[in-house]
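Step one of this worksheet: look at the structure below.
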Number of protein chains: 2
Amino acid sequence: MKNNIKVERARMNLTQDELARLTGVSRQTINTIESNKYVPSTILALKIAKVFSKPVEEIFFLTEED
Amino acid sequence: MKNNIKVERARMNLTQDELARLTGVSRQTINTIESNKYVPSTILALKIAKVFSKPVEEIFFLTEED
DNA sequence: TCACGATGTAAAATATGCTTGACTTTATGT
DNA sequence: ACATAAAGTCAAGCATATTTTACATCGTGA
């Protein structure tokens, strides 16, 4: 799975820490998701999408291996 | 988090087992998600939404406690 | 150059997703 | 009543998500 978080953060002018606070997780969680180290839970994906006012599908993308 | 999977399955006339096969997980996984025992990964949520041809947000919903 | 905010990264611990296998329950049809 | 398909559930175990703490790096402004 891939994601667009970095771009969306830039668009909204948010730091990793700010996004973390807005979604109730740690900054490292945002960082590691952003660098594709692991896949977030659906709850977190929904919260992130909500912050960006976009559907989950426009932020997280299935890849071949999924 | 809550979800609509049971209703969507009914709409598409799919058994838990069929949905499990279509999304590459076990039948118990579908069953336990459906009964809100745990929250799926974003990958699985995206796959389920894809099967139902609906956005993730129309199948999975954040609740108060999330 | 120095300080500082933002980001990257790592290790260890805990929580949760997901699997397999097996058994029970609940329709529904014959 | 019986058989069968579908759904519910439980336990054990492995894999992965997420946390905390801590330290390193990078870029920018003073």
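Letters A, B, ... go to the chains of the structure tokens in the order shown; residues in each chain start at 1; ligands are counted from 1 in the same order.
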
Let's have chain B fitted on chain A; use all the C-alpha atoms paired in order for the least-squares step and return it as a short mmCIF file (atom, residue, chain, number, x, y, z; two decimals) with all heavy atoms, in the first residue's frame.
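Just written: part_4.cif:
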data_model
loop_
_atom_site.label_atom_id
_atom_site.label_comp_id
_atom_site.auth_asym_id
_atom_site.auth_seq_id
_atom_site.Cartn_x
_atom_site.Cartn_y
_atom_site.Cartn_z
N MET B 1 0.80 -1.19 0.00
CA MET B 1 -0.01 0.02 0.01
C MET B 1 0.86 1.26 0.01
O MET B 1 1.92 1.27 0.61
CB MET B 1 -0.91 0.03 1.25
CG MET B 1 -2.23 0.72 1.01
SD MET B 1 -3.12 1.06 2.54
CE MET B 1 -1.93 2.04 3.41
N LYS B 2 0.40 2.26 -0.70
CA LYS B 2 1.11 3.54 -0.71
C LYS B 2 0.18 4.62 -0.18
O LYS B 2 -1.02 4.39 -0.04
CB LYS B 2 1.53 3.91 -2.14
CG LYS B 2 2.73 3.14 -2.64
CD LYS B 2 3.21 3.75 -3.95
CE LYS B 2 4.64 3.31 -4.26
NZ LYS B 2 5.17 4.03 -5.44
N ASN B 3 0.74 5.79 0.08
CA ASN B 3 -0.12 6.89 0.52
C ASN B 3 0.45 8.24 0.14
O ASN B 3 1.61 8.38 -0.18
CB ASN B 3 -0.36 6.81 2.02
CG ASN B 3 0.87 7.17 2.80
OD1 ASN B 3 1.22 8.34 2.94
ND2 ASN B 3 1.57 6.16 3.30
N ASN B 4 -0.45 9.17 0.25
CA ASN B 4 -0.26 10.56 -0.16
C ASN B 4 -0.08 11.52 0.99
O ASN B 4 -0.19 12.72 0.81
CB ASN B 4 -1.59 10.99 -0.79
CG ASN B 4 -1.43 11.17 -2.26
OD1 ASN B 4 -0.31 11.15 -2.73
ND2 ASN B 4 -2.53 11.39 -2.97
N ILE B 5 0.15 11.00 2.17
CA ILE B 5 0.06 11.84 3.36
C ILE B 5 1.00 13.05 3.31
O ILE B 5 0.60 14.16 3.63
CB ILE B 5 0.34 11.02 4.63
CG1 ILE B 5 -0.73 9.93 4.79
CG2 ILE B 5 0.37 11.90 5.86
CD1 ILE B 5 -0.52 9.04 5.98
N LYS B 6 2.21 12.80 2.85
CA LYS B 6 3.19 13.89 2.80
C LYS B 6 2.68 15.05 1.96
O LYS B 6 2.77 16.22 2.37
CB LYS B 6 4.51 13.36 2.22
CG LYS B 6 5.71 14.23 2.49
CD LYS B 6 6.98 13.47 2.17
CE LYS B 6 8.21 14.15 2.78
NZ LYS B 6 9.38 13.25 2.78
N VAL B 7 2.15 14.72 0.80
CA VAL B 7 1.63 15.75 -0.11
C VAL B 7 0.45 16.48 0.51
O VAL B 7 0.39 17.71 0.50
CB VAL B 7 1.19 15.11 -1.45
CG1 VAL B 7 0.52 16.15 -2.34
CG2 VAL B 7 2.39 14.47 -2.14
N GLU B 8 -0.46 15.72 1.10
CA GLU B 8 -1.65 16.34 1.70
C GLU B 8 -1.26 17.23 2.89
O GLU B 8 -1.84 18.29 3.09
CB GLU B 8 -2.63 15.26 2.16
CG GLU B 8 -3.23 14.45 1.04
CD GLU B 8 -4.08 15.30 0.08
OE1 GLU B 8 -4.72 16.26 0.53
OE2 GLU B 8 -4.08 14.97 -1.12
N ARG B 9 -0.26 16.78 3.64
CA ARG B 9 0.24 17.59 4.75
C ARG B 9 0.78 18.90 4.24
O ARG B 9 0.55 19.96 4.82
CB ARG B 9 1.34 16.84 5.49
CG ARG B 9 0.86 16.14 6.73
CD ARG B 9 1.99 15.75 7.65
NE ARG B 9 3.20 15.28 7.03
CZ ARG B 9 4.32 15.97 6.93
NH1 ARG B 9 4.39 17.20 7.41
NH2 ARG B 9 5.39 15.44 6.36
N ALA B 10 1.52 18.82 3.16
CA ALA B 10 2.10 20.03 2.56
C ALA B 10 0.97 20.97 2.13
O ALA B 10 1.01 22.16 2.40
CB ALA B 10 2.97 19.65 1.38
N ARG B 11 -0.02 20.38 1.50
CA ARG B 11 -1.16 21.16 1.03
C ARG B 11 -1.84 21.90 2.18
O ARG B 11 -2.24 23.05 2.05
CB ARG B 11 -2.16 20.21 0.35
CG ARG B 11 -3.08 20.84 -0.66
CD ARG B 11 -3.94 19.80 -1.37
NE ARG B 11 -4.65 18.91 -0.48
CZ ARG B 11 -5.85 19.17 0.06
NH1 ARG B 11 -6.47 20.29 -0.22
NH2 ARG B 11 -6.43 18.28 0.84
N MET B 12 -1.96 21.22 3.32
CA MET B 12 -2.63 21.83 4.47
C MET B 12 -1.65 22.55 5.39
O MET B 12 -2.05 23.07 6.43
CB MET B 12 -3.36 20.76 5.28
CG MET B 12 -4.28 19.87 4.49
SD MET B 12 -6.00 20.38 4.60
CE MET B 12 -6.25 20.53 6.36
N ASN B 13 -0.36 22.47 5.04
CA ASN B 13 0.65 23.12 5.86
C ASN B 13 0.68 22.58 7.29
O ASN B 13 0.65 23.33 8.26
CB ASN B 13 0.39 24.63 5.88
CG ASN B 13 1.68 25.42 5.79
OD1 ASN B 13 2.72 24.87 5.40
ND2 ASN B 13 1.62 26.68 6.15
N LEU B 14 0.73 21.29 7.39
CA LEU B 14 0.76 20.63 8.70
C LEU B 14 2.08 19.89 8.91
O LEU B 14 2.59 19.28 7.97
CB LEU B 14 -0.37 19.60 8.80
CG LEU B 14 -1.81 20.07 8.96
CD1 LEU B 14 -2.75 18.88 8.92
CD2 LEU B 14 -1.96 20.83 10.27
N THR B 15 2.62 19.92 10.12
CA THR B 15 3.79 19.10 10.43
C THR B 15 3.30 17.70 10.81
O THR B 15 2.12 17.49 11.09
CB THR B 15 4.60 19.68 11.60
OG1 THR B 15 3.82 19.53 12.80
CG2 THR B 15 4.92 21.15 11.39
N GLN B 16 4.23 16.76 10.85
CA GLN B 16 3.88 15.39 11.26
C GLN B 16 3.30 15.43 12.66
O GLN B 16 2.34 14.72 12.98
CB GLN B 16 5.12 14.50 11.23
CG GLN B 16 5.67 14.26 9.83
CD GLN B 16 6.87 13.34 9.83
OE1 GLN B 16 7.51 13.13 10.87
NE2 GLN B 16 7.19 12.78 8.68
N ASP B 17 3.90 16.24 13.49
CA ASP B 17 3.46 16.35 14.88
C ASP B 17 2.03 16.89 14.97
O ASP B 17 1.21 16.39 15.73
CB ASP B 17 4.41 17.25 15.65
CG ASP B 17 4.21 17.12 17.14
OD1 ASP B 17 4.26 15.99 17.65
OD2 ASP B 17 3.98 18.15 17.81
N GLU B 18 1.73 17.88 14.16
CA GLU B 18 0.38 18.45 14.18
C GLU B 18 -0.66 17.43 13.70
O GLU B 18 -1.72 17.27 14.31
CB GLU B 18 0.32 19.71 13.31
CG GLU B 18 0.98 20.91 13.97
CD GLU B 18 1.26 22.06 12.99
OE1 GLU B 18 1.29 21.82 11.76
OE2 GLU B 18 1.48 23.19 13.47
N LEU B 19 -0.33 16.74 12.63
CA LEU B 19 -1.24 15.71 12.13
C LEU B 19 -1.43 14.61 13.17
O LEU B 19 -2.54 14.11 13.37
CB LEU B 19 -0.73 15.12 10.81
CG LEU B 19 -1.59 13.99 10.22
CD1 LEU B 19 -3.03 14.43 10.00
CD2 LEU B 19 -0.98 13.49 8.92
N ALA B 20 -0.34 14.27 13.85
CA ALA B 20 -0.41 13.26 14.91
C ALA B 20 -1.38 13.70 16.00
O ALA B 20 -2.25 12.93 16.42
CB ALA B 20 0.98 13.03 15.50
N ARG B 21 -1.26 14.94 16.43
CA ARG B 21 -2.15 15.45 17.48
C ARG B 21 -3.60 15.46 17.00
O ARG B 21 -4.51 15.07 17.73
CB ARG B 21 -1.75 16.86 17.89
CG ARG B 21 -0.49 16.90 18.72
CD ARG B 21 0.09 18.32 18.79
NE ARG B 21 1.47 18.30 19.25
CZ ARG B 21 1.84 18.21 20.54
NH1 ARG B 21 0.91 18.13 21.47
NH2 ARG B 21 3.10 18.18 20.88
N LEU B 22 -3.80 15.89 15.77
CA LEU B 22 -5.16 15.96 15.23
C LEU B 22 -5.82 14.58 15.13
O LEU B 22 -7.04 14.46 15.19
CB LEU B 22 -5.15 16.62 13.84
CG LEU B 22 -4.92 18.13 13.82
CD1 LEU B 22 -4.71 18.62 12.40
CD2 LEU B 22 -6.10 18.86 14.45
N THR B 23 -5.00 13.56 14.98
CA THR B 23 -5.57 12.22 14.82
C THR B 23 -5.39 11.36 16.06
O THR B 23 -5.79 10.19 16.07
CB THR B 23 -4.92 11.50 13.61
OG1 THR B 23 -3.50 11.55 13.75
CG2 THR B 23 -5.30 12.18 12.30
N GLY B 24 -4.75 11.93 17.08
CA GLY B 24 -4.62 11.22 18.34
C GLY B 24 -3.60 10.09 18.37
O GLY B 24 -3.74 9.15 19.15
N VAL B 25 -2.57 10.18 17.54
CA VAL B 25 -1.50 9.18 17.59
C VAL B 25 -0.17 9.89 17.80
O VAL B 25 -0.12 11.12 17.87
CB VAL B 25 -1.44 8.32 16.30
CG1 VAL B 25 -2.69 7.47 16.14
CG2 VAL B 25 -1.19 9.19 15.08
N SER B 26 0.90 9.10 17.91
CA SER B 26 2.21 9.71 18.13
C SER B 26 2.81 10.18 16.81
O SER B 26 2.42 9.72 15.74
CB SER B 26 3.16 8.70 18.77
OG SER B 26 3.50 7.70 17.85
N ARG B 27 3.77 11.08 16.92
CA ARG B 27 4.43 11.60 15.72
C ARG B 27 5.13 10.49 14.95
O ARG B 27 5.11 10.47 13.72
CB ARG B 27 5.47 12.65 16.15
CG ARG B 27 6.21 13.30 15.01
CD ARG B 27 7.25 14.27 15.52
NE ARG B 27 8.32 13.60 16.26
CZ ARG B 27 9.36 13.01 15.68
NH1 ARG B 27 9.48 12.99 14.37
NH2 ARG B 27 10.29 12.42 16.40
N GLN B 28 5.71 9.54 15.68
CA GLN B 28 6.40 8.43 15.01
C GLN B 28 5.43 7.59 14.20
O GLN B 28 5.79 7.05 13.15
CB GLN B 28 7.11 7.53 16.02
CG GLN B 28 8.36 8.16 16.62
CD GLN B 28 8.04 9.02 17.83
OE1 GLN B 28 6.92 9.50 17.96
NE2 GLN B 28 9.01 9.22 18.69
N THR B 29 4.23 7.46 14.70
CA THR B 29 3.23 6.69 13.95
C THR B 29 2.98 7.33 12.60
O THR B 29 3.01 6.66 11.56
CB THR B 29 1.92 6.59 14.76
OG1 THR B 29 2.16 5.83 15.94
CG2 THR B 29 0.83 5.91 13.96
N ILE B 30 2.77 8.64 12.58
CA ILE B 30 2.58 9.34 11.31
C ILE B 30 3.82 9.17 10.43
O ILE B 30 3.73 8.84 9.25
CB ILE B 30 2.30 10.85 11.54
CG1 ILE B 30 1.00 11.04 12.35
CG2 ILE B 30 2.23 11.59 10.21
CD1 ILE B 30 -0.26 10.55 11.66
N ASN B 31 4.97 9.36 11.04
CA ASN B 31 6.22 9.27 10.28
C ASN B 31 6.39 7.90 9.62
O ASN B 31 6.73 7.81 8.43
CB ASN B 31 7.40 9.54 11.22
CG ASN B 31 8.72 9.57 10.48
OD1 ASN B 31 9.26 8.53 10.13
ND2 ASN B 31 9.23 10.77 10.22
N THR B 32 6.14 6.84 10.38
CA THR B 32 6.37 5.51 9.83
C THR B 32 5.31 5.12 8.80
O THR B 32 5.61 4.40 7.85
CB THR B 32 6.46 4.44 10.94
OG1 THR B 32 5.36 4.58 11.82
CG2 THR B 32 7.74 4.57 11.72
N ILE B 33 4.10 5.61 8.98
CA ILE B 33 3.08 5.35 7.96
C ILE B 33 3.46 6.08 6.68
O ILE B 33 3.41 5.53 5.58
CB ILE B 33 1.70 5.83 8.44
CG1 ILE B 33 1.19 4.94 9.56
CG2 ILE B 33 0.70 5.87 7.28
CD1 ILE B 33 -0.04 5.45 10.26
N GLU B 34 3.87 7.35 6.85
CA GLU B 34 4.24 8.16 5.71
C GLU B 34 5.35 7.52 4.90
O GLU B 34 5.36 7.59 3.67
CB GLU B 34 4.68 9.54 6.23
CG GLU B 34 4.43 10.66 5.28
CD GLU B 34 4.62 12.03 5.95
OE1 GLU B 34 3.77 12.43 6.76
OE2 GLU B 34 5.64 12.70 5.67
N SER B 35 6.28 6.87 5.59
CA SER B 35 7.39 6.23 4.87
C SER B 35 7.11 4.75 4.60
O SER B 35 8.02 3.95 4.42
CB SER B 35 8.70 6.42 5.62
OG SER B 35 8.54 6.33 7.00
N ASN B 36 5.83 4.40 4.58
CA ASN B 36 5.39 3.05 4.20
C ASN B 36 6.03 1.92 5.00
O ASN B 36 6.22 0.83 4.49
CB ASN B 36 5.64 2.81 2.70
CG ASN B 36 4.81 3.75 1.85
OD1 ASN B 36 3.59 3.79 1.98
ND2 ASN B 36 5.45 4.52 0.99
N LYS B 37 6.31 2.19 6.28
CA LYS B 37 6.87 1.13 7.12
C LYS B 37 5.77 0.22 7.62
O LYS B 37 5.99 -0.94 7.89
CB LYS B 37 7.65 1.74 8.29
CG LYS B 37 8.89 2.48 7.84
CD LYS B 37 10.14 1.98 8.58
CE LYS B 37 11.38 2.69 8.08
NZ LYS B 37 11.46 4.09 8.53
N TYR B 38 4.59 0.76 7.81
CA TYR B 38 3.45 -0.11 8.08
C TYR B 38 2.13 0.53 7.71
O TYR B 38 2.08 1.72 7.42
CB TYR B 38 3.43 -0.64 9.51
CG TYR B 38 3.29 0.39 10.59
CD1 TYR B 38 2.13 1.14 10.72
CD2 TYR B 38 4.31 0.59 11.50
CE1 TYR B 38 1.99 2.08 11.72
CE2 TYR B 38 4.18 1.53 12.50
CZ TYR B 38 3.02 2.28 12.60
OH TYR B 38 2.88 3.21 13.57
N VAL B 39 1.11 -0.29 7.72
CA VAL B 39 -0.22 0.09 7.28
C VAL B 39 -1.08 0.45 8.48
O VAL B 39 -1.18 -0.34 9.41
CB VAL B 39 -0.86 -1.10 6.54
CG1 VAL B 39 -2.29 -0.82 6.18
CG2 VAL B 39 -0.03 -1.46 5.33
N PRO B 40 -1.70 1.62 8.47
CA PRO B 40 -2.50 2.02 9.64
C PRO B 40 -3.80 1.22 9.74
O PRO B 40 -4.23 0.59 8.78
CB PRO B 40 -2.81 3.48 9.34
CG PRO B 40 -2.77 3.60 7.87
CD PRO B 40 -1.72 2.63 7.41
N SER B 41 -4.41 1.28 10.89
CA SER B 41 -5.73 0.68 11.07
C SER B 41 -6.74 1.52 10.31
O SER B 41 -6.49 2.68 9.96
CB SER B 41 -6.11 0.68 12.54
OG SER B 41 -6.47 1.99 12.95
N THR B 42 -7.90 0.95 10.06
CA THR B 42 -8.94 1.67 9.33
C THR B 42 -9.39 2.90 10.11
O THR B 42 -9.69 3.94 9.52
CB THR B 42 -10.13 0.74 9.06
OG1 THR B 42 -9.67 -0.35 8.26
CG2 THR B 42 -11.23 1.46 8.31
N ILE B 43 -9.41 2.80 11.43
CA ILE B 43 -9.79 3.95 12.24
C ILE B 43 -8.86 5.13 11.96
O ILE B 43 -9.31 6.24 11.70
CB ILE B 43 -9.74 3.61 13.76
CG1 ILE B 43 -10.87 2.63 14.11
CG2 ILE B 43 -9.84 4.87 14.60
CD1 ILE B 43 -10.98 2.32 15.59
N LEU B 44 -7.57 4.86 11.98
CA LEU B 44 -6.62 5.94 11.74
C LEU B 44 -6.71 6.46 10.30
O LEU B 44 -6.66 7.67 10.07
CB LEU B 44 -5.20 5.47 12.06
CG LEU B 44 -4.10 6.51 11.97
CD1 LEU B 44 -4.47 7.82 12.66
CD2 LEU B 44 -2.80 5.95 12.56
N ALA B 45 -6.90 5.57 9.36
CA ALA B 45 -7.05 6.00 7.96
C ALA B 45 -8.25 6.92 7.81
O ALA B 45 -8.18 7.95 7.13
CB ALA B 45 -7.19 4.78 7.06
N LEU B 46 -9.35 6.57 8.46
CA LEU B 46 -10.55 7.40 8.38
C LEU B 46 -10.29 8.77 9.01
O LEU B 46 -10.72 9.80 8.47
CB LEU B 46 -11.72 6.72 9.11
CG LEU B 46 -12.40 5.55 8.37
CD1 LEU B 46 -13.36 4.82 9.29
CD2 LEU B 46 -13.15 6.05 7.13
N LYS B 47 -9.57 8.79 10.12
CA LYS B 47 -9.28 10.07 10.79
C LYS B 47 -8.38 10.95 9.94
O LYS B 47 -8.59 12.16 9.83
CB LYS B 47 -8.61 9.81 12.15
CG LYS B 47 -9.57 9.30 13.21
CD LYS B 47 -8.82 9.10 14.51
CE LYS B 47 -9.71 8.55 15.61
NZ LYS B 47 -8.93 8.19 16.82
N ILE B 48 -7.37 10.33 9.35
CA ILE B 48 -6.45 11.10 8.50
C ILE B 48 -7.21 11.67 7.31
O ILE B 48 -7.08 12.85 6.98
CB ILE B 48 -5.28 10.20 8.04
CG1 ILE B 48 -4.38 9.85 9.23
CG2 ILE B 48 -4.47 10.89 6.95
CD1 ILE B 48 -3.28 8.83 8.93
N ALA B 49 -8.01 10.82 6.68
CA ALA B 49 -8.80 11.27 5.53
C ALA B 49 -9.71 12.43 5.92
O ALA B 49 -9.89 13.39 5.17
CB ALA B 49 -9.62 10.11 4.97
N LYS B 50 -10.25 12.34 7.12
CA LYS B 50 -11.15 13.38 7.63
C LYS B 50 -10.41 14.70 7.77
O LYS B 50 -10.92 15.75 7.38
CB LYS B 50 -11.70 12.92 8.98
CG LYS B 50 -12.92 13.66 9.47
CD LYS B 50 -13.41 13.00 10.76
CE LYS B 50 -14.67 13.64 11.31
NZ LYS B 50 -15.09 12.97 12.58
N VAL B 51 -9.21 14.64 8.33
CA VAL B 51 -8.41 15.86 8.50
C VAL B 51 -8.18 16.51 7.14
O VAL B 51 -8.25 17.73 7.00
CB VAL B 51 -7.05 15.55 9.16
CG1 VAL B 51 -6.10 16.73 9.04
CG2 VAL B 51 -7.25 15.17 10.63
N PHE B 52 -7.92 15.70 6.13
CA PHE B 52 -7.63 16.22 4.80
C PHE B 52 -8.89 16.48 3.98
O PHE B 52 -8.82 16.91 2.82
CB PHE B 52 -6.72 15.26 4.04
CG PHE B 52 -5.35 15.13 4.65
CD1 PHE B 52 -4.66 13.93 4.58
CD2 PHE B 52 -4.74 16.22 5.28
CE1 PHE B 52 -3.38 13.81 5.13
CE2 PHE B 52 -3.47 16.10 5.83
CZ PHE B 52 -2.80 14.89 5.76
N SER B 53 -10.05 16.18 4.56
CA SER B 53 -11.33 16.35 3.85
C SER B 53 -11.34 15.64 2.50
O SER B 53 -11.82 16.19 1.50
CB SER B 53 -11.65 17.83 3.64
OG SER B 53 -11.59 18.52 4.85
N LYS B 54 -10.80 14.44 2.49
CA LYS B 54 -10.80 13.65 1.26
C LYS B 54 -11.16 12.21 1.58
O LYS B 54 -10.92 11.75 2.69
CB LYS B 54 -9.40 13.66 0.63
CG LYS B 54 -8.99 15.00 0.08
CD LYS B 54 -7.92 14.82 -0.98
CE LYS B 54 -7.69 16.11 -1.76
NZ LYS B 54 -6.61 15.98 -2.75
N PRO B 55 -11.72 11.49 0.60
CA PRO B 55 -12.01 10.08 0.85
C PRO B 55 -10.74 9.27 1.06
O PRO B 55 -9.69 9.60 0.51
CB PRO B 55 -12.75 9.63 -0.41
CG PRO B 55 -12.53 10.70 -1.42
CD PRO B 55 -12.25 11.95 -0.68
N VAL B 56 -10.85 8.22 1.83
CA VAL B 56 -9.72 7.34 2.12
C VAL B 56 -9.01 6.92 0.83
O VAL B 56 -7.78 6.90 0.76
CB VAL B 56 -10.19 6.09 2.89
CG1 VAL B 56 -9.08 5.06 3.01
CG2 VAL B 56 -10.71 6.48 4.27
N GLU B 57 -9.79 6.61 -0.20
CA GLU B 57 -9.23 6.15 -1.47
C GLU B 57 -8.34 7.18 -2.16
O GLU B 57 -7.57 6.81 -3.04
CB GLU B 57 -10.34 5.75 -2.45
CG GLU B 57 -10.90 4.36 -2.22
CD GLU B 57 -12.04 4.34 -1.19
OE1 GLU B 57 -12.24 5.37 -0.51
OE2 GLU B 57 -12.69 3.29 -1.06
N GLU B 58 -8.48 8.45 -1.79
CA GLU B 58 -7.63 9.45 -2.43
C GLU B 58 -6.34 9.67 -1.65
O GLU B 58 -5.50 10.48 -2.03
CB GLU B 58 -8.39 10.77 -2.60
CG GLU B 58 -9.42 10.66 -3.71
CD GLU B 58 -10.10 12.00 -4.00
OE1 GLU B 58 -9.49 13.06 -3.75
OE2 GLU B 58 -11.26 11.97 -4.47
N ILE B 59 -6.20 8.96 -0.54
CA ILE B 59 -5.01 9.12 0.29
C ILE B 59 -4.23 7.81 0.40
O ILE B 59 -3.00 7.81 0.40
CB ILE B 59 -5.39 9.65 1.67
CG1 ILE B 59 -6.02 11.04 1.50
CG2 ILE B 59 -4.17 9.75 2.59
CD1 ILE B 59 -6.68 11.56 2.72
N PHE B 60 -4.95 6.71 0.45
CA PHE B 60 -4.30 5.40 0.53
C PHE B 60 -4.63 4.57 -0.71
O PHE B 60 -5.79 4.50 -1.12
CB PHE B 60 -4.77 4.65 1.78
CG PHE B 60 -4.42 5.36 3.06
CD1 PHE B 60 -5.34 6.23 3.65
CD2 PHE B 60 -3.18 5.17 3.66
CE1 PHE B 60 -5.01 6.89 4.84
CE2 PHE B 60 -2.86 5.84 4.84
CZ PHE B 60 -3.77 6.70 5.43
N PHE B 61 -3.60 3.93 -1.28
CA PHE B 61 -3.77 3.19 -2.53
C PHE B 61 -3.24 1.77 -2.41
O PHE B 61 -2.12 1.56 -1.96
CB PHE B 61 -3.00 3.88 -3.65
CG PHE B 61 -3.20 5.35 -3.70
CD1 PHE B 61 -2.32 6.20 -3.04
CD2 PHE B 61 -4.29 5.90 -4.38
CE1 PHE B 61 -2.51 7.58 -3.08
CE2 PHE B 61 -4.48 7.28 -4.42
CZ PHE B 61 -3.59 8.12 -3.76
N LEU B 62 -4.03 0.83 -2.86
CA LEU B 62 -3.57 -0.55 -2.93
C LEU B 62 -2.51 -0.66 -4.01
O LEU B 62 -2.60 0.00 -5.05
CB LEU B 62 -4.74 -1.48 -3.28
CG LEU B 62 -5.82 -1.65 -2.19
CD1 LEU B 62 -6.98 -2.46 -2.73
CD2 LEU B 62 -5.21 -2.32 -0.97
N THR B 63 -1.50 -1.50 -3.77
CA THR B 63 -0.49 -1.75 -4.79
C THR B 63 -0.61 -3.20 -5.24
O THR B 63 -1.44 -3.95 -4.73
CB THR B 63 0.93 -1.48 -4.23
OG1 THR B 63 1.10 -2.25 -3.05
CG2 THR B 63 1.11 -0.02 -3.92
N GLU B 64 0.23 -3.60 -6.18
CA GLU B 64 0.22 -4.96 -6.70
C GLU B 64 0.25 -6.01 -5.59
O GLU B 64 -0.60 -6.89 -5.53
CB GLU B 64 1.45 -5.18 -7.60
CG GLU B 64 1.46 -4.31 -8.84
CD GLU B 64 0.27 -4.56 -9.77
OE1 GLU B 64 -0.20 -5.70 -9.80
OE2 GLU B 64 -0.18 -3.60 -10.43
N GLU B 65 1.24 -5.87 -4.71
CA GLU B 65 1.45 -6.92 -3.71
C GLU B 65 0.35 -7.03 -2.65
O GLU B 65 0.33 -8.00 -1.89
CB GLU B 65 2.83 -6.76 -3.03
CG GLU B 65 3.00 -5.47 -2.25
CD GLU B 65 3.68 -4.38 -3.09
OE1 GLU B 65 3.64 -4.51 -4.34
OE2 GLU B 65 4.24 -3.45 -2.52
N ASP B 66 -0.54 -6.05 -2.61
CA ASP B 66 -1.61 -6.11 -1.59
C ASP B 66 -2.66 -7.18 -1.92
O ASP B 66 -3.01 -7.40 -3.03
CB ASP B 66 -2.30 -4.75 -1.47
CG ASP B 66 -1.38 -3.72 -0.83
OD1 ASP B 66 -0.49 -4.12 -0.07
OD2 ASP B 66 -1.57 -2.52 -1.10
#

*Given a cut-off of 9 Å, which residues of chain C touch chain A, counting only C-alpha atoms (C1' of nucleotides), written out as a list in words?*
DA6, DT7 and DG8 of chain C

File of the preceding selection, all heavy atoms, as an mmCIF file, in the first residue's frame:
data_model
loop_
_atom_site.group_PDB
_atom_site.id
_atom_site.type_symbol
_atom_site.label_atom_id
_atom_site.label_comp_id
_atom_site.auth_asym_id
_atom_site.auth_seq_id
_atom_site.Cartn_x
_atom_site.Cartn_y
_atom_site.Cartn_z
ATOM 1 P P DA C 6 7.788 23.057 13.703
ATOM 2 O OP1 DA C 6 6.756 23.750 12.909
ATOM 3 O OP2 DA C 6 7.465 22.440 15.007
ATOM 4 O "O5'" DA C 6 8.425 21.927 12.777
ATOM 5 C "C5'" DA C 6 8.892 22.292 11.490
ATOM 6 C "C4'" DA C 6 9.537 21.089 10.848
ATOM 7 O "O4'" DA C 6 10.774 20.811 11.529
ATOM 8 C "C3'" DA C 6 8.706 19.804 10.920
ATOM 9 O "O3'" DA C 6 8.517 19.320 9.604
ATOM 10 C "C2'" DA C 6 9.531 18.865 11.782
ATOM 11 C "C1'" DA C 6 10.932 19.418 11.602
ATOM 12 N N9 DA C 6 11.838 19.124 12.709
ATOM 13 C C8 DA C 6 11.623 19.338 14.039
ATOM 14 N N7 DA C 6 12.632 18.963 14.803
ATOM 15 C C5 DA C 6 13.558 18.469 13.918
ATOM 16 C C6 DA C 6 14.845 17.920 14.092
ATOM 17 N N6 DA C 6 15.421 17.764 15.280
ATOM 18 N N1 DA C 6 15.511 17.526 12.975
ATOM 19 C C2 DA C 6 14.924 17.684 11.787
ATOM 20 N N3 DA C 6 13.727 18.195 11.486
ATOM 21 C C4 DA C 6 13.090 18.573 12.610
ATOM 22 P P DT C 7 7.715 18.009 9.286
ATOM 23 O OP1 DT C 7 7.136 18.185 7.944
ATOM 24 O OP2 DT C 7 6.877 17.683 10.444
ATOM 25 O "O5'" DT C 7 8.874 16.911 9.177
ATOM 26 C "C5'" DT C 7 9.951 17.123 8.270
ATOM 27 C "C4'" DT C 7 11.011 16.069 8.484
ATOM 28 O "O4'" DT C 7 11.600 16.219 9.787
ATOM 29 C "C3'" DT C 7 10.504 14.626 8.428
ATOM 30 O "O3'" DT C 7 11.111 14.006 7.308
ATOM 31 C "C2'" DT C 7 10.951 14.010 9.749
ATOM 32 C "C1'" DT C 7 12.041 14.959 10.201
ATOM 33 N N1 DT C 7 12.276 15.011 11.653
ATOM 34 C C2 DT C 7 13.482 14.575 12.151
ATOM 35 O O2 DT C 7 14.371 14.122 11.444
ATOM 36 N N3 DT C 7 13.614 14.663 13.518
ATOM 37 C C4 DT C 7 12.685 15.154 14.417
ATOM 38 O O4 DT C 7 12.924 15.189 15.626
ATOM 39 C C5 DT C 7 11.441 15.604 13.837
ATOM 40 C C7 DT C 7 10.367 16.160 14.705
ATOM 41 C C6 DT C 7 11.302 15.513 12.499
ATOM 42 P P DG C 8 10.734 12.515 6.898
ATOM 43 O OP1 DG C 8 10.855 12.421 5.421
ATOM 44 O OP2 DG C 8 9.458 12.157 7.549
ATOM 45 O "O5'" DG C 8 11.889 11.651 7.556
ATOM 46 C "C5'" DG C 8 13.220 11.861 7.126
ATOM 47 C "C4'" DG C 8 14.165 10.981 7.932
ATOM 48 O "O4'" DG C 8 14.184 11.429 9.307
ATOM 49 C "C3'" DG C 8 13.764 9.498 7.974
ATOM 50 O "O3'" DG C 8 14.897 8.732 7.618
ATOM 51 C "C2'" DG C 8 13.341 9.277 9.425
ATOM 52 C "C1'" DG C 8 14.171 10.310 10.166
ATOM 53 N N9 DG C 8 13.616 10.751 11.433
ATOM 54 C C8 DG C 8 12.388 11.342 11.629
ATOM 55 N N7 DG C 8 12.165 11.659 12.888
ATOM 56 C C5 DG C 8 13.312 11.257 13.554
ATOM 57 C C6 DG C 8 13.648 11.346 14.931
ATOM 58 O O6 DG C 8 12.984 11.802 15.857
ATOM 59 N N1 DG C 8 14.918 10.821 15.183
ATOM 60 C C2 DG C 8 15.742 10.293 14.236
ATOM 61 N N2 DG C 8 16.916 9.837 14.664
ATOM 62 N N3 DG C 8 15.452 10.207 12.942
ATOM 63 C C4 DG C 8 14.219 10.708 12.673
#
